[in-house]
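Contents: one structure, followed by commentary.
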Amino acid sequence: MTTTEQATATSLLRFATAGSVDDGKSTLVGRLLHDSKSVLADQLEAVEHASRSRGATAPDLALLTDGLRAEREQGITIDVAYRYFATPRRRFILADTPGHVQYTRNMVTGASTAELAVVLVDARNGVVEQTRRHAAVAALLRVPHVVLAVNKMDLVDYAEPVFAAIAEEFTAYAASLGVPEITAIPISALAGDNVVTPSANMDWYGGPTVLEHLETVPVGTDPSADPARFPVQYVIRPQTAEHPDYRGYAGQIAAGVLRVGEPVTVLPSGLTSTIAGIDALGEAVDVAWAPQSVTLRLADDVDVSRGDLIAPSAAAPATTRDVEATVCHLHDRPLRVGERVLLKHTTRTVKAIVKDIPSRLTLDDLSQHPAPGELSANDIGRVVVRTAEPLALDGYADSRRTGSFLLIDPADGTTLTAGMAGASFASAAAPAPADDEGWDF
């Protein structure tokens, strides 16, 4: 194998499925797992038994992901179901997210770490309100790749004009939100058309199957393209006879590349030093990059503790105590102006107060409802938070890792709200020209 082939074989893609109720998300996931031979024999036997007990003549592949009793009884997805599988070309972590409006927060949770979102549309119904809502959430979360899977093509006689109209409408809407890449694929999850194997019923489509696209879509970014960010998780001071003066700062590199000899700044204190050494897996290295977990050693004996951020002095982020962000409220208890919370950013947790909630976003038409006063469960809105201590916060558009945070209830540690610092949507991108052969919009 070449180096490129080896990298592809071991690469990991995190992706999420979304769409309206009964568009077939769980069936698509089940078909993907079944046809890619990622289902164990006892799992398939359990699904077949459950399907027979419900009167079905064929295995209901949606049961591979809908594990809650309420989900199986109602035939819907409620919680985020995570599935891990692999092919010879790539490893996958899949988040099957719910389609109901009241579970928007679950979709946010599942897509927050995804590099690709699969949005399903029922070919009979076309783009509906929930389709637009999930496209907007994917845009808010800066998911770099979006796949439009037009499902149930078998119920519209595999008609190309039906697919083309839906793909054109969705692509125009998603592009207006700034979604950078949209790929449209006509499928039938129930019959298996274009999920893992090409469909014999749609010879007019020459693009990839869902699995082929998942295996070949570019993942990750060039670490050297982003300024380095290193949140300190733990200070290592063995003070043994072998290492009497060792002082290392352990953590995971959130972004960028760190090199021995590079001048760095410790935030929020602003103290400066130079990287004297980098230890990775017990060995000294000269260079380390995201998302490696390493230990840094600094040339100067400066005060560094958990929650501090080490960044190159030439590209250090500004610190602030006033955080303006777009948030999705996750808790059943509303978030109100004046509420005292804890703000967790990377490894740092500080006290904070909600100073203002300027607006609530209506995802149906992307209008802003001004001064709502509070955010209820599943609401997405703008907030202004004042922290007790400075934070080295990047914009979410620049870094999904160091631009995100959580608001936490200080009384019991419950997660209240997920936040994305900076502007809501990316700049609108012009729709990509249609590829007549591959339907890559």
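Here's how to read the names in the structure tokens: chain A, B, ... by the order shown, residue numbers from 1 in each chain, ligand numbers from 1 in the order shown.
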
Exercise: Ser112 in chain A partners within 10 Å, only C-alpha atoms, chain neighbours under 3 positions left out, as a ChimeraX atom specification: /A:14-16,106-109,115,137-138,140-143,400-401,404,418

DSSP helix (DSSP H, G or I) residues within range 132-289 of chain A, listed as a PyMOL selection string: chain A and resi 132-140+153-156+160-176+210-216+223-225

Coordinates-based distance that separates CA of Thr113 in chain A from CA of Lys351 in chain A (Å, one decimal):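 Between CA of Lys351 in chain A and CA of Thr113 in chain A the gap works out to 25.3 Å.
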
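Non-sequential neighbours of Ser313 in chain A (distance at most 10 Å, separation of 5 or more positions within a chain, only C-alpha atoms) are Ala228, Glu262, Pro263, Val264, Thr265, Val266, Gly270, Leu271, Thr272, Ser273 and Thr274 of chain A.
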
Could you give me, as CSV, every range 246-342 of chain A residue with an atom at most 12 Å from range 202-220 of chain A, plus its closest atom pair and distance in Å to one decimal, counting only C-alpha atoms, rows ordered by chain then number?
residue,atom,partner,partner_atom,distance
A:Ala255,CA,A:Gly220,CA,11.1
A:Gly256,CA,A:Gly220,CA,11.9
A:Ala290,CA,A:Gly220,CA,10.0
A:Pro291,CA,A:Gly220,CA,10.1

Distance criterion (only C-alpha atoms): nearest to Pro358 in chain A out of A:Leu393, A:Leu343, A:Val337, A:Val285: A:Val337

Shell around Arg133 in chain A at 9 Å using only C-alpha atoms, local window under 2 positions removed, as a ChimeraX atom specification: /A:19,101,104,128-131,135-138,362-366

Atomic separation - CA of Cys328 in chain A relative to CA of Ala423 in chain A, Å: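 Value for the CA of Ala423 in chain A-CA of Cys328 in chain A distance: 13.9 Å.
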
Atom-to-atom span, CA of Thr240 in chain A and CA of Ile275 in chain A, Å: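 For CA of Thr240 in chain A relative to CA of Ile275 in chain A, the distance reads 22.5 Å.
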
Residue nearest Leu116 in chain A among A:Asp356, A:Glu160, A:Glu181, A:Glu169 (counting only C-alpha atoms):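 Nearest to Leu116 in chain A: A:Glu181.
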
DSSP-assigned strand (DSSP E or B) members of range 308-438 of chain A, reported as a ChimeraX atom specification: /A:309-312,319-329,335-336,340-345,348-362,367-370,374-375,380-392,404-408,415-421

Extract, using only C-alpha atoms, all DNA, RNA and protein residues at most 7 Å from Thr295 in chain A, discarding same-chain residues fewer than 3 positions from it, and format them as a PDB file with C-alpha atoms, in the first residue's frame.
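Output file result_4.pdb is given in full below:
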ATOM      1  CA  GLY A 248       5.446  18.905  32.042  1.00  0.00           C
ATOM      2  CA  TYR A 249       2.063  20.141  30.879  1.00  0.00           C
ATOM      3  CA  ALA A 250      -0.123  17.350  29.507  1.00  0.00           C
ATOM      4  CA  GLY A 251      -3.107  17.662  27.215  1.00  0.00           C
ATOM      5  CA  ILE A 278       7.682  17.672  23.580  1.00  0.00           C
ATOM      6  CA  ASP A 279       7.040  14.174  24.931  1.00  0.00           C
ATOM      7  CA  ALA A 280       4.682  11.863  23.017  1.00  0.00           C
TER       8      ALA A 280
END
